[in-house]
Structure formats: structure tokens, C-alpha cells
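Report on the structure given below.
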Amino acid sequence: MTPVTTGSAGEPVDGWPPLRPELRGIEPYGAPQLDVPVQLNVNENPYPPSAACAAAIGEAARAAATRLNRYPDREFVGLREALAGYLATDGGRGLTAAHVWAANGSNEAMLHLLQAFGGPGRTAVSFAPTYSMYPEYARDTHTTWVVGRRESDFALDLDHAVAVVAEHRPSVVIVPSPNNPTGTALPQAAVVRLAEALDGSGLLVVDEAYAEFRRAGTPSALELLPDHRNLVVTRTLSKAFAAAGARLGYLAAAPEITAALRVVRLPYHLSAVTQATAVAALGFAQELLGNVDRLRVERDALVGWLRGEGLDVADSDANFVLFGTFVDRHAVWQGLLDRGVLIRETGPDGWLRVSVGTPEEMAAFRQALTEVLDRSSVPTGAEGEGRR
């Protein structure tokens, strides 16, 4: 076999293999996975399932394992019914299994949407700063990607958003609520206006991966589903349900939309073990959401502390906080890492994002950040009131 010489990012220098040209030299998506004492960079739930929940999941997986010689339920009806039941407790009205779709993480659910409703000659739109995977879904489905802007406080500029829709007539608009990486929630009035602007021409996808962490009084877009046939609301078990390792994401939409997704899904795309694990976890919703309440309290305390330190902090309805601004944010990130605390270097220039952890983890973060900011070599940016 002839050896293949590769360059940076694994790009073959002799043109082999025949990769799509637009993919050459691109680094794969992924946050750093480093073995440090305090890991606050990927918005995981720091509280693992309880012993009782883990035992129920284990038993469900054991039962599924006795039938692994057979293909799983291709329509995963039991799981969809369980998900519809849960969503009914969080703003969903009249949802049945026919309104629900699930996949291996909300990433795959979103990819299914772009496979079915995007594609060559079609356009998808979002508004920056926002989740960095969205343009990759578009790229991988040959969907034209258009990105609008947000306000300086990261709220959605609704007049601008509607103008972008009118100009580009997208097939899909993706707006997360809360937004990642800023934590900004989307008002229902904005959902209604965008859905109406798109009706007849495209889907409005509201990505609610962090919805369970929203502050009291902040409604879910689920409440609007009966009134807007083109509205899709995506969710995940990764965050609130402490099941990032299970890889189960899902969405609620009109039955016509979920039926269309069957055309593009791979056969038997959800394993029997995944289905069993998710159903078992949903049975512990009340217990798991109790930990969400603890994280909300910790988040709000963190926002207050960061502002007390003179830093700019974005209002957050998620389980993470965006803060800054720094002339050299990488120096801050590295300083924290040197002290055993890993956060995320993401978002607009000068900003950093920290996931909300346990009280002990947040105490370690505060101590480390205090030490880093006390170093004269790490000034804050001109737009902040922080230490210089």
C-alpha cells in the first residue's frame, strides 16, 4: 500500500482521498476534552443520575439486551409517547406520539430537519452569535447558509430578522432559546412574528436544548405549536436529564413534519438500548428537574458574583454564563486551566463561557478567576467596567 502524506488538519497533500473540496482543511467540531479537576466547558449537568435512576436505566438496558438479536422498534412509539407526556408538563398542548421525533442527540434531529427541508437551492438562516454547529448542518446538507446579527445585548433584532427572512426566503430558520453561547431567551412575540413571516415558505426551528433551565416566567415555544403549522421545537435529554452520554434528542412539530423526517432517517437509527434508557430516565423527570432547580440558583449567584467583580455578563436562562470582556481571553482561559478549571473559549471576541457546576466547582472557579484577574497581564476590555 502506498503511504499517504497528510498536512495540517489531516489534509492529504497529494489530493487523496477525494474529499469534497469544501471540507478540506476543516477541523472537526469538538470542545477540548482534558482531564482536569473542574470541567465547566461543555454545559453538562454536574449531577449524575441517582442510584435509583441508574438502577432503573440499568434494568431497562438489561431487558433490551435480551432482544438485541432483533432490530429495535423502527418507529420508537413507546419513547415518543413518553416524550409527548413529558412535554405536556412543560407547555406542550395536545401532543401525541405523532407530534414527536427523536434521534441520537438533538444534533441528529437538527440534521434530519436540514436533510428533509434544506438541500441544494435552499437556504437556512440564523443570527450570530449562536451555536457553531448550525452552519455545519447546512454545509453537510448542501444548504446555503445565511447568518444575520443580534443586538449588542445578544437579544434578537426582530426587525432585522424579519428583513433577512424577506430577503432570502429561507426554507429553515434556526433560533435557539436560550441561545448558545449567550444564554439569551427568545420572547414568544418574536417566535410568533418569525413563524408568520415564514408561513408557507419555511420552517421556524426553536432550539430549546436548555429550556428547562429558563427563569420563572419565561415561556416555552411549545405553547405556540397548535397555532403555527411551521413551528418546530427541539429538545434534548443531555442537559436537564443528566443524560449527555445517552445521546437522545427530540423535537415536537406538526405530524406532517415528523412524517417527512422518516424519509431521510437511517433505518433503525435509534438502538433498543437508547430507547430503553430514555424511557427509564423520563420516569425520573421530577427528581432530575430538582437538580435543575439547584443549578438555576447556582447560575443566578454566579451572574451576581461576576457582575460584582466588575465584569460584563449576559443575562442567562441556561446552565451556563457568558462573561467578559478581555483583551486577551485566551490568557484568561489558560490561566484558569493552569489552576485546574476548564471553561470554554467561545462566543464573540473577548468573551468566555462557563458552565454551571456544583457549589464546590463554582467555588473553585471563583477562586481561580480571582487569581487570574489579579494578574496585571490579564486586563479586561474597554467596554467592561472590570479590573484593568
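Convention: chains lettered A, B, ... in C-alpha cells order; per-chain residue numbering from 1; ligands numbered from 1 as shown.
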Residue contacts of Ala197 (chain A) (9 Å, only C-alpha atoms) excluding same-chain residues fewer than 6 positions away, as a list in words
Val162, Val165 and Ala166 of chain A
So which residues of region 145-220 of chain A fall under alpha helix (DSSP H) by DSSP, listed as JSON, numbers by chain?
{"A": [158, 159, 160, 161, 162, 163, 164, 165, 166, 167, 168, 188, 189, 190, 191, 192, 193, 194, 195, 196, 197, 198]}
Just to be explicit: take each residue in the selection above, keep C-alpha atoms, and write the result as a PDB file, in the first residue's frame.
```pdb
ATOM      1  CA  LEU A 158     -36.658  41.309  15.276  1.00  0.00           C
ATOM      2  CA  ASP A 159     -36.998  43.902  12.520  1.00  0.00           C
ATOM      3  CA  HIS A 160     -33.610  42.852  11.166  1.00  0.00           C
ATOM      4  CA  ALA A 161     -34.555  39.155  11.438  1.00  0.00           C
ATOM      5  CA  VAL A 162     -37.791  39.643   9.517  1.00  0.00           C
ATOM      6  CA  ALA A 163     -35.920  41.638   6.869  1.00  0.00           C
ATOM      7  CA  VAL A 164     -33.409  38.785   6.447  1.00  0.00           C
ATOM      8  CA  VAL A 165     -36.307  36.352   6.028  1.00  0.00           C
ATOM      9  CA  ALA A 166     -37.957  38.601   3.460  1.00  0.00           C
ATOM     10  CA  GLU A 167     -34.717  38.972   1.502  1.00  0.00           C
ATOM     11  CA  HIS A 168     -33.569  35.338   1.453  1.00  0.00           C
ATOM     12  CA  GLN A 188     -42.851  34.490  22.424  1.00  0.00           C
ATOM     13  CA  ALA A 189     -43.736  37.569  20.403  1.00  0.00           C
ATOM     14  CA  ALA A 190     -40.561  37.030  18.390  1.00  0.00           C
ATOM     15  CA  VAL A 191     -41.458  33.385  17.737  1.00  0.00           C
ATOM     16  CA  VAL A 192     -44.917  34.381  16.536  1.00  0.00           C
ATOM     17  CA  ARG A 193     -43.631  37.099  14.223  1.00  0.00           C
ATOM     18  CA  LEU A 194     -40.962  34.901  12.657  1.00  0.00           C
ATOM     19  CA  ALA A 195     -43.357  31.976  12.231  1.00  0.00           C
ATOM     20  CA  GLU A 196     -45.829  34.259  10.487  1.00  0.00           C
ATOM     21  CA  ALA A 197     -43.110  35.755   8.287  1.00  0.00           C
ATOM     22  CA  LEU A 198     -42.146  32.248   7.172  1.00  0.00           C
TER      23      LEU A 198
END
```
Of the listed residues A:Leu251, A:Leu19, A:Leu237, A:Val77, that which approaches Leu222 (chain A) most closely, counting only C-alpha atoms
A:Leu251
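Candidate residues A:Phe127, A:Ser177, A:Pro120, A:Ala363 were compared for distance to Thr141 (chain A), and the nearest is A:Pro120, using only C-alpha atoms.
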Would you mind listing what lies within 12 Å of Thr277 (chain A) as a ChimeraX atom specification, with only C-alpha atoms counted and same-chain residues fewer than 2 positions away left out?
/A:49,53-65,78-79,82,237,241-248,270-275,279-284
Write out the residues from the selection above, keeping C-alpha atoms, as a PDB file, in the first residue's frame.
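Saved file selection_27.pdb follows:
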```pdb
ATOM      1  CA  PRO A  49     -28.468  10.186  37.922  1.00  0.00           C
ATOM      2  CA  CYS A  53     -32.479   6.214  38.443  1.00  0.00           C
ATOM      3  CA  ALA A  54     -29.260   4.473  37.392  1.00  0.00           C
ATOM      4  CA  ALA A  55     -30.671   1.135  38.566  1.00  0.00           C
ATOM      5  CA  ALA A  56     -33.858   1.659  36.550  1.00  0.00           C
ATOM      6  CA  ILE A  57     -31.833   2.557  33.467  1.00  0.00           C
ATOM      7  CA  GLY A  58     -29.619  -0.477  34.022  1.00  0.00           C
ATOM      8  CA  GLU A  59     -32.611  -2.792  34.291  1.00  0.00           C
ATOM      9  CA  ALA A  60     -34.183  -1.289  31.167  1.00  0.00           C
ATOM     10  CA  ALA A  61     -30.922  -1.766  29.276  1.00  0.00           C
ATOM     11  CA  ARG A  62     -30.625  -5.341  30.565  1.00  0.00           C
ATOM     12  CA  ALA A  63     -34.124  -6.137  29.324  1.00  0.00           C
ATOM     13  CA  ALA A  64     -33.323  -4.586  25.950  1.00  0.00           C
ATOM     14  CA  ALA A  65     -30.127  -6.639  25.778  1.00  0.00           C
ATOM     15  CA  GLY A  78     -43.177   3.947  23.310  1.00  0.00           C
ATOM     16  CA  LEU A  79     -40.425   6.544  23.519  1.00  0.00           C
ATOM     17  CA  ALA A  82     -43.217   9.124  26.849  1.00  0.00           C
ATOM     18  CA  LEU A 237     -32.104  14.754  27.416  1.00  0.00           C
ATOM     19  CA  PHE A 241     -31.947  14.974  32.363  1.00  0.00           C
ATOM     20  CA  ALA A 242     -28.224  14.432  33.014  1.00  0.00           C
ATOM     21  CA  ALA A 243     -28.074  12.051  30.062  1.00  0.00           C
ATOM     22  CA  ALA A 244     -25.400  13.509  27.785  1.00  0.00           C
ATOM     23  CA  GLY A 245     -23.911  10.024  27.446  1.00  0.00           C
ATOM     24  CA  ALA A 246     -27.212   8.554  26.259  1.00  0.00           C
ATOM     25  CA  ARG A 247     -27.356  10.757  23.120  1.00  0.00           C
ATOM     26  CA  LEU A 248     -31.083  11.336  22.865  1.00  0.00           C
ATOM     27  CA  LEU A 270     -32.329   4.612  17.481  1.00  0.00           C
ATOM     28  CA  SER A 271     -30.963   1.500  19.159  1.00  0.00           C
ATOM     29  CA  ALA A 272     -33.088  -0.566  21.520  1.00  0.00           C
ATOM     30  CA  VAL A 273     -30.752   0.340  24.375  1.00  0.00           C
ATOM     31  CA  THR A 274     -31.056   4.067  23.631  1.00  0.00           C
ATOM     32  CA  GLN A 275     -34.840   3.850  23.571  1.00  0.00           C
ATOM     33  CA  VAL A 279     -37.866   5.946  28.654  1.00  0.00           C
ATOM     34  CA  ALA A 280     -36.395   4.946  32.004  1.00  0.00           C
ATOM     35  CA  ALA A 281     -34.838   8.398  32.514  1.00  0.00           C
ATOM     36  CA  LEU A 282     -38.141  10.120  31.724  1.00  0.00           C
ATOM     37  CA  GLY A 283     -39.673   8.166  34.585  1.00  0.00           C
ATOM     38  CA  PHE A 284     -37.431  10.168  36.940  1.00  0.00           C
TER      39      PHE A 284
END
```
Can you tell me which residues surround region 31-47 of chain A at a distance of at most 6 Å, considering only C-alpha atoms, apart from same-chain residues fewer than 3 positions away, and format the answer as a PyMOL selection string?
chain A and resi 239+242+340-344+354-355+357
As a short mmCIF file (atom, residue, chain, number, x, y, z; two decimals) with C-alpha atoms, in the first residue's frame, please: every residue in region 66-134 of chain A that a backbone DSSP assignment puts in strand (DSSP E).
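Output contents, as saved in part-v3.cif:
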```
data_model
loop_
_atom_site.label_atom_id
_atom_site.label_comp_id
_atom_site.auth_asym_id
_atom_site.auth_seq_id
_atom_site.Cartn_x
_atom_site.Cartn_y
_atom_site.Cartn_z
CA VAL A 100 -42.71 13.86 18.30
CA TRP A 101 -39.48 12.79 16.61
CA ALA A 102 -36.26 11.62 18.25
CA ALA A 103 -32.69 10.93 17.20
CA THR A 123 -31.33 28.43 2.38
CA ALA A 124 -31.07 28.21 6.17
CA VAL A 125 -30.76 31.25 8.41
CA SER A 126 -29.71 32.01 11.97
CA PHE A 127 -28.44 35.06 13.84
CA ALA A 128 -24.96 35.39 15.35
#
```
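Distances from A:Gly183, A:Gly200, A:Pro359, A:Pro21 to Arg215 (chain A) were compared using only C-alpha atoms, and the smallest one belongs to A:Gly183.
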Just to confirm, what's the straight-line distance from CA of Leu289 (chain A) to CA of Ala209 (chain A) in Å (one decimal)?
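Computing it gives 14.2 Å between the two atoms.
A straight line drawn from CA of Val146 (chain A) to CA of Pro176 (chain A) is 15.6 Å long.
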Atom-to-atom span, CA of Ala285 (chain A) and CA of Gly105 (chain A), Å:
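Going from CA of Ala285 (chain A) over to CA of Gly105 (chain A) covers 18.0 Å.
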Measuring atom to atom with only C-alpha atoms, identify which of A:Ala364, A:Ala253, A:Ala278, A:Ala97 is nearest to Leu336 (chain A).
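Closest candidate: A:Ala364.
Minimum distance to Glu22 (chain A) across A:Tyr71, A:Leu111, A:Arg339, A:Glu136 (counting only C-alpha atoms) occurs at A:Glu136.
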Top pick for closest residue to Ala260 (chain A), considering A:Ala116, A:Pro18, A:Arg67, A:Gly308 and counting only C-alpha atoms:
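Checking each of A:Ala116, A:Pro18, A:Arg67, A:Gly308 against Ala260 (chain A), counting only C-alpha atoms, the winner is A:Ala116.
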Name all residues at most 12 Å from Val263 (chain A) (count only C-alpha atoms; drop same-chain ones fewer than 5 positions away) and give them as a tab-separated table (two decimals) with C-alpha atoms, in the first residue's frame.
```tsv
chain	number	residue	atom	x	y	z
A	112	HIS	CA	-32.72	15.41	9.81
A	113	LEU	CA	-34.56	18.73	9.51
A	115	GLN	CA	-31.83	16.89	5.15
A	116	ALA	CA	-35.58	16.99	4.67
A	117	PHE	CA	-36.23	20.71	4.31
A	256	GLU	CA	-46.80	16.32	8.67
A	257	ILE	CA	-43.31	17.48	9.60
A	258	THR	CA	-42.39	14.46	11.71
```
If you count only C-alpha atoms, which residues fall within 10 Å of Val206 (chain A), apart from same-chain ones fewer than 2 positions away, as a list of chain:residue names?
A:Val173, A:Ile174, A:Val175, A:Pro176, A:Ser177, A:Pro178, A:Asn179, A:Leu186, A:Val191, A:Leu203, A:Leu204, A:Glu208, A:Ala209, A:Ser220, A:Ala221, A:Leu222, A:Leu231, A:Val232, A:Val233, A:Thr234, A:Arg235, A:Leu251
Same residues, C-alpha atoms, saved as a tab-separated table (two decimals), in the first residue's frame:
```tsv
chain	number	residue	atom	x	y	z
A	173	VAL	CA	-34.71	29.48	10.26
A	174	ILE	CA	-32.99	28.28	13.44
A	175	VAL	CA	-33.26	30.37	16.60
A	176	PRO	CA	-32.16	28.83	19.90
A	177	SER	CA	-33.90	29.77	23.12
A	178	PRO	CA	-31.94	30.03	25.34
A	179	ASN	CA	-29.26	30.95	22.84
A	186	LEU	CA	-36.42	34.39	22.92
A	191	VAL	CA	-41.46	33.38	17.74
A	203	LEU	CA	-39.90	26.19	8.97
A	204	LEU	CA	-39.05	28.07	12.14
A	208	GLU	CA	-34.72	24.59	23.27
A	209	ALA	CA	-31.82	22.38	24.32
A	220	SER	CA	-41.58	27.76	26.08
A	221	ALA	CA	-42.26	27.91	22.35
A	222	LEU	CA	-44.09	24.60	22.85
A	231	LEU	CA	-43.03	25.74	14.07
A	232	VAL	CA	-40.59	23.06	15.31
A	233	VAL	CA	-39.28	22.91	18.88
A	234	THR	CA	-36.20	20.80	19.56
A	235	ARG	CA	-35.16	19.49	22.98
A	251	LEU	CA	-38.46	17.57	18.63
```
